[in-house]
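Student: Got entry33.cif for you, mmCIF, C-alpha atoms and all ligand atoms:
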```cif
data_my_file
#
loop_
_atom_site.label_atom_id
_atom_site.label_comp_id
_atom_site.auth_asym_id
_atom_site.auth_seq_id
_atom_site.Cartn_x
_atom_site.Cartn_y
_atom_site.Cartn_z
CA MET A 1 126.22 118.42 75.08
CA ASP A 2 129.64 118.79 76.62
CA LYS A 3 129.77 115.76 78.95
CA LYS A 4 131.41 116.10 82.34
CA GLY A 5 130.57 112.86 84.10
CA THR A 6 128.18 109.94 84.17
CA ILE A 7 124.62 110.96 83.43
CA ALA A 8 121.91 108.85 85.06
CA LEU A 9 118.24 109.02 84.22
CA GLY A 10 116.00 108.06 87.17
CA ILE A 11 112.35 107.07 86.80
CA GLU A 12 110.01 106.82 89.79
CA THR A 13 106.39 105.59 89.59
CA SER A 14 106.00 103.38 92.67
CA CYS A 15 103.09 105.22 94.26
CA ASP A 16 101.42 108.53 93.42
CA GLU A 17 104.28 110.60 91.99
CA THR A 18 105.35 110.31 88.35
CA SER A 19 108.89 111.61 88.33
CA VAL A 20 111.97 111.70 86.13
CA GLY A 21 115.31 113.01 87.35
CA ILE A 22 118.62 113.49 85.56
CA VAL A 23 121.74 113.41 87.73
CA VAL A 24 125.46 113.69 87.01
CA ASN A 25 127.82 111.46 89.04
CA GLY A 26 125.08 110.80 91.59
CA LYS A 27 125.39 114.37 92.89
CA LYS A 28 124.50 117.14 90.47
CA VAL A 29 120.79 117.34 89.65
CA LEU A 30 120.19 118.64 86.11
CA ALA A 31 116.43 118.08 86.33
CA ASN A 32 113.93 116.57 88.74
CA VAL A 33 110.40 116.81 87.35
CA ILE A 34 107.69 115.56 89.70
CA SER A 35 104.03 115.26 88.76
CA SER A 36 102.06 114.57 91.93
CA GLN A 37 98.64 112.91 91.91
CA ILE A 38 97.79 114.09 95.43
CA ASP A 39 94.91 116.29 94.26
CA ILE A 40 93.28 113.32 92.53
CA HIS A 41 93.68 110.83 95.39
CA LYS A 42 92.78 113.17 98.22
CA GLU A 43 89.14 112.97 97.17
CA TYR A 44 89.28 109.28 98.23
CA GLY A 45 91.33 109.84 101.40
CA GLY A 46 94.25 107.76 100.09
CA VAL A 47 95.95 106.40 96.98
CA VAL A 48 93.65 104.39 94.66
CA PRO A 49 96.00 101.92 92.88
CA GLU A 50 94.03 101.66 89.64
CA ILE A 51 93.80 105.43 89.23
CA ALA A 52 97.52 105.79 90.09
CA SER A 53 98.53 103.41 87.27
CA ARG A 54 96.37 105.22 84.71
CA LYS A 55 97.75 108.60 85.69
CA HIS A 56 101.36 107.36 85.48
CA LEU A 57 100.62 106.16 81.97
CA GLU A 58 99.17 109.55 81.00
CA ASN A 59 102.04 111.47 82.58
CA ILE A 60 105.23 109.53 82.01
CA ASN A 61 106.00 110.73 78.47
CA TRP A 62 105.60 114.44 79.11
CA VAL A 63 107.43 114.21 82.46
CA LEU A 64 110.33 112.50 80.66
CA GLU A 65 110.37 115.10 77.87
CA GLU A 66 110.24 117.97 80.34
CA ALA A 67 113.14 116.52 82.35
CA LEU A 68 115.30 116.13 79.22
CA THR A 69 114.50 119.69 78.11
CA GLU A 70 115.20 121.13 81.56
CA ALA A 71 118.51 119.26 81.78
CA GLY A 72 119.50 120.23 78.23
CA VAL A 73 120.32 116.63 77.31
CA SER A 74 118.96 114.10 74.85
CA LEU A 75 118.31 110.42 75.49
CA GLU A 76 121.53 109.61 73.58
CA ASP A 77 123.53 111.50 76.26
CA ILE A 78 122.25 109.25 79.06
CA ASP A 79 124.80 106.71 80.38
CA VAL A 80 122.51 104.64 82.56
CA VAL A 81 118.76 104.26 82.95
CA GLY A 82 117.59 103.74 86.56
CA VAL A 83 114.05 102.90 87.58
CA THR A 84 112.21 102.01 90.77
CA ARG A 85 111.66 98.29 90.51
CA GLY A 86 109.87 97.92 93.88
CA PRO A 87 108.45 97.86 96.46
CA GLY A 88 105.27 99.72 95.53
CA LEU A 89 101.96 99.35 93.72
CA ILE A 90 102.46 96.76 91.00
CA GLY A 91 100.46 98.54 88.27
CA ALA A 92 102.20 101.82 89.04
CA LEU A 93 105.68 100.24 89.08
CA LEU A 94 105.05 98.56 85.73
CA ILE A 95 104.65 101.91 83.96
CA GLY A 96 108.09 103.11 85.10
CA VAL A 97 109.80 99.77 84.52
CA THR A 98 108.33 99.41 81.01
CA THR A 99 109.40 102.95 80.13
CA ALA A 100 112.94 102.34 81.40
CA LYS A 101 113.27 99.02 79.58
CA THR A 102 112.01 100.59 76.35
CA ILE A 103 114.65 103.33 76.52
CA ALA A 104 117.39 100.86 77.49
CA PHE A 105 116.44 98.51 74.63
CA ALA A 106 115.90 101.14 71.93
CA LEU A 107 119.11 103.06 72.68
CA ASP A 108 121.17 100.15 73.97
CA LYS A 109 121.78 101.72 77.40
CA PRO A 110 122.59 99.95 80.68
CA LEU A 111 119.60 99.43 82.97
CA VAL A 112 119.47 99.44 86.79
CA GLY A 113 116.38 98.38 88.78
CA VAL A 114 116.50 100.37 92.01
CA GLN A 115 114.99 99.27 95.32
CA HIS A 116 112.84 102.24 96.40
CA ILE A 117 114.22 102.54 99.97
CA GLN A 118 117.77 102.55 98.64
CA GLY A 119 116.64 105.38 96.37
CA HIS A 120 115.43 107.40 99.36
CA LEU A 121 118.80 106.88 101.07
CA ALA A 122 120.67 108.04 97.95
CA ALA A 123 118.80 111.38 98.10
CA ASN A 124 121.19 112.28 100.91
CA TYR A 125 124.31 111.74 98.78
CA ILE A 126 122.93 114.33 96.35
CA GLU A 127 122.76 117.07 98.93
CA HIS A 128 125.59 116.27 101.31
CA GLU A 129 128.80 116.44 99.33
CA LYS A 130 130.91 114.83 102.06
CA LEU A 131 128.49 112.15 103.22
CA LYS A 132 129.92 108.66 102.87
CA PRO A 133 129.07 105.27 104.43
CA PRO A 134 129.14 103.85 107.05
CA PHE A 135 126.09 105.28 108.77
CA VAL A 136 122.74 104.34 110.24
CA GLY A 137 119.84 105.09 107.89
CA LEU A 138 116.33 105.86 109.11
CA ILE A 139 113.69 105.54 106.39
CA VAL A 140 110.35 107.09 107.35
CA SER A 141 107.70 107.29 104.63
CA GLY A 142 104.11 106.47 103.73
CA GLY A 143 105.02 102.87 102.97
CA HIS A 144 108.12 102.23 105.09
CA THR A 145 109.70 102.57 108.50
CA ASN A 146 113.13 101.01 108.58
CA LEU A 147 116.45 101.23 110.32
CA VAL A 148 119.42 100.08 108.25
CA VAL A 149 123.17 100.07 108.49
CA VAL A 150 124.71 101.39 105.27
CA GLU A 151 128.10 99.70 105.40
CA ASP A 152 128.97 100.79 101.88
CA TYR A 153 127.09 102.32 98.93
CA LEU A 154 125.76 98.94 97.85
CA LYS A 155 126.01 97.09 101.14
CA ILE A 156 122.96 97.71 103.26
CA ARG A 157 121.85 95.67 106.25
CA GLU A 158 118.33 95.98 107.63
CA ILE A 159 118.21 96.12 111.44
CA GLY A 160 114.63 97.22 112.05
CA GLY A 161 111.29 97.41 110.26
CA THR A 162 107.65 97.98 111.04
CA ARG A 163 105.43 95.19 112.30
CA ASP A 164 102.24 96.93 111.25
CA ASP A 165 101.58 100.47 109.95
CA ALA A 166 104.33 102.54 108.38
CA ILE A 167 104.82 105.85 110.16
CA GLY A 168 103.40 107.97 107.31
CA GLU A 169 100.40 105.66 107.17
CA ALA A 170 99.78 106.27 110.90
CA TYR A 171 100.03 110.02 110.30
CA ASP A 172 97.57 109.78 107.39
CA LYS A 173 95.06 107.66 109.33
CA VAL A 174 95.10 109.88 112.42
CA ALA A 175 94.72 112.94 110.19
CA ARG A 176 91.67 111.31 108.66
CA VAL A 177 89.93 110.84 112.02
CA LEU A 178 90.85 114.43 112.91
CA GLU A 179 89.26 115.43 109.56
CA LEU A 180 92.41 117.20 108.39
CA GLY A 181 92.50 115.82 104.83
CA TYR A 182 95.10 113.88 102.81
CA PRO A 183 98.06 113.54 102.96
CA GLY A 184 97.88 113.88 106.72
CA GLY A 185 101.57 114.15 107.62
CA PRO A 186 102.11 117.76 106.55
CA LYS A 187 98.71 118.77 108.03
CA ILE A 188 99.54 117.26 111.45
CA ASP A 189 103.05 118.77 111.27
CA LYS A 190 101.54 122.25 110.81
CA LEU A 191 98.67 121.95 113.27
CA ALA A 192 100.86 120.39 116.00
CA LYS A 193 102.91 123.58 116.20
CA GLU A 194 99.89 125.23 117.88
CA GLY A 195 99.28 122.33 120.26
CA ASN A 196 100.54 120.98 123.58
CA GLU A 197 102.49 117.73 123.16
CA GLU A 198 101.81 116.78 126.76
CA ALA A 199 98.03 117.22 126.71
CA ILE A 200 97.41 113.46 126.36
CA HIS A 201 99.84 110.60 126.87
CA PHE A 202 99.48 108.19 123.97
CA LYS A 203 101.14 104.77 124.07
CA ARG A 204 104.80 104.51 122.98
CA VAL A 205 105.48 100.97 121.73
CA LEU A 206 109.16 100.28 122.38
CA MET A 207 109.26 96.47 122.64
CA GLU A 208 112.06 94.61 124.35
CA LYS A 209 115.54 96.12 124.83
CA ASN A 210 117.68 96.27 121.68
CA ASN A 211 114.72 95.36 119.46
CA LEU A 212 114.73 97.88 116.63
CA ASP A 213 111.35 97.03 115.11
CA PHE A 214 108.53 99.56 115.11
CA SER A 215 104.81 99.30 115.81
CA PHE A 216 102.60 102.33 115.33
CA SER A 217 99.17 100.79 115.05
CA GLY A 218 98.68 100.73 118.87
CA THR A 219 99.36 104.46 119.12
CA LYS A 220 97.09 105.17 116.16
CA THR A 221 94.30 103.05 117.67
CA GLY A 222 94.88 104.85 120.99
CA VAL A 223 94.06 108.17 119.33
CA ILE A 224 90.99 106.75 117.57
CA ASN A 225 89.68 105.15 120.80
CA TYR A 226 90.32 108.31 122.74
CA LEU A 227 88.30 110.38 120.28
CA ASN A 228 85.50 107.78 120.16
CA ASN A 229 85.26 107.74 123.96
CA GLN A 230 85.02 111.49 124.04
CA LYS A 231 82.36 111.42 121.33
CA GLN A 232 80.32 108.83 123.26
CA LYS A 233 80.36 111.19 126.23
CA GLY A 234 78.91 113.84 123.92
CA CYS A 235 82.14 115.85 123.86
CA ASP A 236 83.25 117.72 120.77
CA PHE A 237 86.16 119.94 119.72
CA LEU A 238 83.70 122.57 118.55
CA GLU A 239 82.05 122.66 121.97
CA GLY A 240 85.49 122.93 123.60
CA ASN A 241 84.63 120.13 126.03
CA ILE A 242 87.09 117.43 125.01
CA LEU A 243 89.32 116.86 128.01
CA GLY A 244 93.02 116.02 128.26
CA ASP A 245 94.94 113.95 130.86
CA ALA A 246 94.65 116.67 133.50
CA GLY A 247 90.94 117.24 132.84
CA GLN A 248 91.73 120.42 130.89
CA PRO A 249 89.80 121.30 127.69
CA ILE A 250 91.91 120.45 124.67
CA SER A 251 91.95 121.30 120.99
CA LYS A 252 92.55 119.29 117.79
CA ALA A 253 96.04 120.79 117.76
CA ASP A 254 96.71 119.26 121.22
CA VAL A 255 95.63 115.81 119.97
CA ALA A 256 97.78 116.20 116.83
CA ALA A 257 100.80 117.34 118.87
CA SER A 258 100.42 114.58 121.50
CA PHE A 259 100.08 111.86 118.84
CA GLN A 260 103.04 113.21 116.88
CA ARG A 261 105.26 113.38 119.96
CA ALA A 262 104.38 109.79 120.92
CA ILE A 263 105.47 108.33 117.57
CA LEU A 264 108.49 110.61 117.18
CA ASP A 265 109.74 109.64 120.66
CA VAL A 266 109.78 106.01 119.50
CA VAL A 267 111.54 106.81 116.22
CA ILE A 268 114.22 108.85 117.97
CA GLU A 269 114.77 106.40 120.80
CA LYS A 270 115.23 103.50 118.36
CA SER A 271 117.49 105.45 116.01
CA PHE A 272 119.85 106.33 118.84
CA SER A 273 119.77 102.74 120.16
CA ALA A 274 120.77 101.63 116.65
CA LEU A 275 123.68 104.09 116.59
CA LYS A 276 124.85 102.83 119.96
CA LEU A 277 124.52 99.14 119.03
CA GLU A 278 126.35 99.67 115.74
CA LYS A 279 128.93 102.05 117.26
CA LEU A 280 128.25 104.71 114.64
CA ASN A 281 127.80 108.46 115.00
CA LYS A 282 126.06 109.40 111.74
CA LEU A 283 122.29 109.21 111.28
CA VAL A 284 120.87 109.70 107.77
CA VAL A 285 117.12 110.29 107.60
CA CYS A 286 115.01 110.02 104.44
CA GLY A 287 111.49 109.46 103.08
CA GLY A 288 108.39 111.68 103.11
CA VAL A 289 108.20 111.94 106.92
CA ALA A 290 111.82 113.19 107.03
CA ALA A 291 110.30 116.53 106.00
CA ASN A 292 108.59 116.74 109.42
CA SER A 293 109.70 119.86 111.24
CA ARG A 294 109.31 118.49 114.79
CA LEU A 295 111.29 115.35 113.91
CA ARG A 296 114.10 117.57 112.62
CA GLU A 297 114.06 119.73 115.76
CA LEU A 298 114.11 116.78 118.15
CA LEU A 299 116.86 114.99 116.20
CA LYS A 300 118.96 118.13 116.15
CA GLU A 301 118.60 118.56 119.92
CA LYS A 302 119.49 114.95 120.69
CA GLY A 303 122.22 114.83 118.04
CA THR A 304 123.97 117.83 119.56
CA LYS A 305 123.69 116.32 123.03
CA GLU A 306 125.01 112.89 121.98
CA ASN A 307 127.55 114.04 119.43
CA VAL A 308 125.79 112.46 116.48
CA GLU A 309 125.76 114.03 113.00
CA ILE A 310 122.26 114.17 111.55
CA TYR A 311 121.59 114.35 107.79
CA TYR A 312 118.37 114.70 105.85
CA PRO A 313 117.53 115.96 102.36
CA SER A 314 115.61 119.14 101.59
CA PRO A 315 111.81 118.53 101.48
CA ILE A 316 111.65 118.14 97.68
CA LEU A 317 114.13 115.23 97.84
CA CYS A 318 112.35 113.67 100.86
CA THR A 319 109.25 112.86 98.87
CA ASP A 320 109.29 110.34 95.98
CA ASN A 321 111.35 111.71 93.09
CA GLY A 322 113.34 110.57 90.06
CA ALA A 323 116.62 112.25 91.01
CA MET A 324 117.13 109.98 94.02
CA ILE A 325 116.52 106.93 91.79
CA GLY A 326 119.06 108.27 89.27
CA ALA A 327 121.60 108.76 92.09
CA ALA A 328 121.05 105.22 93.41
CA ALA A 329 121.37 103.82 89.86
CA TYR A 330 124.69 105.65 89.44
CA TYR A 331 126.27 103.91 92.46
CA ALA A 332 125.20 100.49 91.13
CA TYR A 333 126.31 101.30 87.57
CA ARG A 334 129.79 102.43 88.60
CA GLU A 335 130.31 99.01 90.26
CA GLY A 336 129.04 97.24 87.11
CA LYS A 337 125.84 96.09 88.84
CA THR A 338 123.37 96.50 86.00
CA ASP A 339 120.26 94.48 85.13
CA ASN A 340 119.14 92.64 82.02
CA LEU A 341 116.02 93.46 80.06
CA ASP A 342 114.21 90.59 81.79
CA MET A 343 114.28 92.60 85.04
CA ASP A 344 110.69 93.03 86.20
CA ALA A 345 108.69 95.11 88.67
CA ASN A 346 108.36 93.51 92.10
CA ALA A 347 105.72 94.90 94.49
CA SER A 348 107.47 93.55 97.59
CA LEU A 349 111.12 93.83 96.55
CA LYS A 350 113.54 93.48 99.47
CA MET A 351 116.59 95.64 99.89
CA LYS A 352 119.27 94.64 97.43
CA CYS A 353 122.61 93.89 99.02
CA TYR A 354 125.45 93.26 96.60
O1 LIG A 401 108.22 109.00 100.75
P1 LIG A 401 106.83 109.39 100.41
O2 LIG A 401 106.61 110.59 99.53
O3 LIG A 401 106.08 108.20 99.74
C1 LIG A 401 106.27 106.87 100.10
O4 LIG A 401 107.25 106.25 99.59
O5 LIG A 401 105.49 106.41 100.96
O6 LIG A 401 106.06 109.60 101.81
C2 LIG A 401 104.73 110.04 101.89
C3 LIG A 401 104.33 110.11 103.35
C4 LIG A 401 102.85 110.40 103.58
O7 LIG A 401 102.35 109.48 104.52
C5 LIG A 401 102.84 111.81 104.14
O8 LIG A 401 101.75 112.04 105.01
C6 LIG A 401 104.17 111.87 104.86
O9 LIG A 401 105.06 111.18 104.01
N1 LIG A 401 104.66 113.24 105.07
C7 LIG A 401 104.83 113.80 106.29
C8 LIG A 401 105.27 115.12 106.07
N2 LIG A 401 105.35 115.32 104.71
C9 LIG A 401 104.97 114.16 104.11
N3 LIG A 401 104.66 113.28 107.51
C10 LIG A 401 104.91 114.09 108.56
N4 LIG A 401 105.31 115.38 108.44
C11 LIG A 401 105.51 115.93 107.22
N5 LIG A 401 105.91 117.20 107.12
ZN ZN A 402 108.98 106.74 98.97
#
```
With the file now loaded, output its structure as structure tokens.
Tutor:
Amino acid sequence: MDKKGTIALGIETSCDETSVGIVVNGKKVLANVISSQIDIHKEYGGVVPEIASRKHLENINWVLEEALTEAGVSLEDIDVVGVTRGPGLIGALLIGVTTAKTIAFALDKPLVGVQHIQGHLAANYIEHEKLKPPFVGLIVSGGHTNLVVVEDYLKIREIGGTRDDAIGEAYDKVARVLELGYPGGPKIDKLAKEGNEEAIHFKRVLMEKNNLDFSFSGTKTGVINYLNNQKQKGCDFLEGNILGDAGQPISKADVAASFQRAILDVVIEKSFSALKLEKLNKLVVCGGVAANSRLRELLKEKGTKENVEIYYPSPILCTDNGAMIGAAAYYAYREGKTDNLDMDANASLKMKCY
């Protein structure tokens, strides 16, 4: 092919998506093939690690071939091989890492092990041509809730994390008790549109002033306890006799909306505290929950009011995908930060700060 830049191959297998992306100069996506295992895991109400690893193994070769075909490139054209090294499910990560190392070894290509959260952040560089550090990053996904300061492409400082459940995990667990199915985030997002956010006041855990850590398990337990109490009183959604704060009958949509508003209030409050503390006016949101429509609305409202620019990727780049890993690998590669073939998967890999 006629080469017009650095071509990065990105492999993602940290959880339940097998994905390979091909990206030029960290911006132009030539292919981003994603094979989701959601339909398999939803039967169990969550990701089953052993099944995830087996499915990655079955899928990785055809996903890779399809990405190369779609991009119109061959493996020889690739300049750098990027792969999610961690955090994630160890068996799942190993499939991607082994694939990447095999390509790097067989074709003598540079290899970059990407930290998954840094991959999510890089999804925003793909879609926002002018976006450059410094900014505050908010990572909201099934496995993570973090606030970071991105001082430069490879210089990231963590300023807040979750003390218990990740936000997506809280969404998924509440969706389960509401019998909405898996994954719960998109289901709650949709149902909440029909509900009243003020029907029930669920706990907002903010912690002490200037503390940027999150805790969602109290809010999640609040919802579960609330529903159990109602059940013990013989109340049921179907009977229309579950009551809200003002003694009014409420629906599942009201519970979903009230829960969602409680956790989003915390996320927004802490993100804007972070911007103030760091004296920055750009907030970059990423991860599966960044696709949430109410989060986007509330951030837009507050951003306009407080003169803060808000960025997030389109939904397909919010969820786990290979293109974001390819983009992150590109920024490391251009600074000469590559890995040796002894690089290994690491289930609890911390953010890499060069
Ligand atoms: O980033 P991601 O695909 O995987 C991880 O790295 O964890 O995030 C998946 C999470 C799930 O918990 C899912 O319920 C949540 O993102 N999610 C949403 C929405 N779409 C996906 N949560 C709220 N609203 C959405 N629209
Ligand atoms: Zn993710």
Student: When the cut-off is 8 Å and you count all atoms listed in the file, which residues lie near ligand LIG 401 (chain A), shown as a VMD selection string?
Tutor: chain A and resid 14 to 17 88 116 to 117 120 140 to 144 167 to 172 182 to 190 286 to 293 315 318 to 320
Student: For a test of reading the model, state the distance in Å between CA of Ile34 (chain A) and CA of Ala192 (chain A), rounded to one decimal.
Tutor: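 Taking CA of Ile34 (chain A) as the start and CA of Ala192 (chain A) as the end point, the length is 27.6 Å.
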Student: At what distance in Å, to one decimal, does CA of Val24 (chain A) lie from CA of Asn59 (chain A)?
Tutor: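 Separating CA of Asn59 (chain A) from CA of Val24 (chain A) is a distance of 23.9 Å.
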Student: Which polymer residues have any atom within 12 Å of an atom of Thr84 (chain A), counting all atoms listed in the file, with same-chain residues fewer than 6 positions away left out, as a ChimeraX atom specification?
Tutor: /A:9-15,17-21,90,92-101,111-120,320-329,343-349,351
Student: Check the smallest atom-to-atom distance from each of A:Ile310, A:Ile156, A:Ala332, A:Val81 to His128 (chain A) using only C-alpha atoms, then report the winner.
Tutor: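 Of A:Ile310, A:Ile156, A:Ala332, A:Val81, the one nearest His128 (chain A), counting only C-alpha atoms, is A:Ile310.
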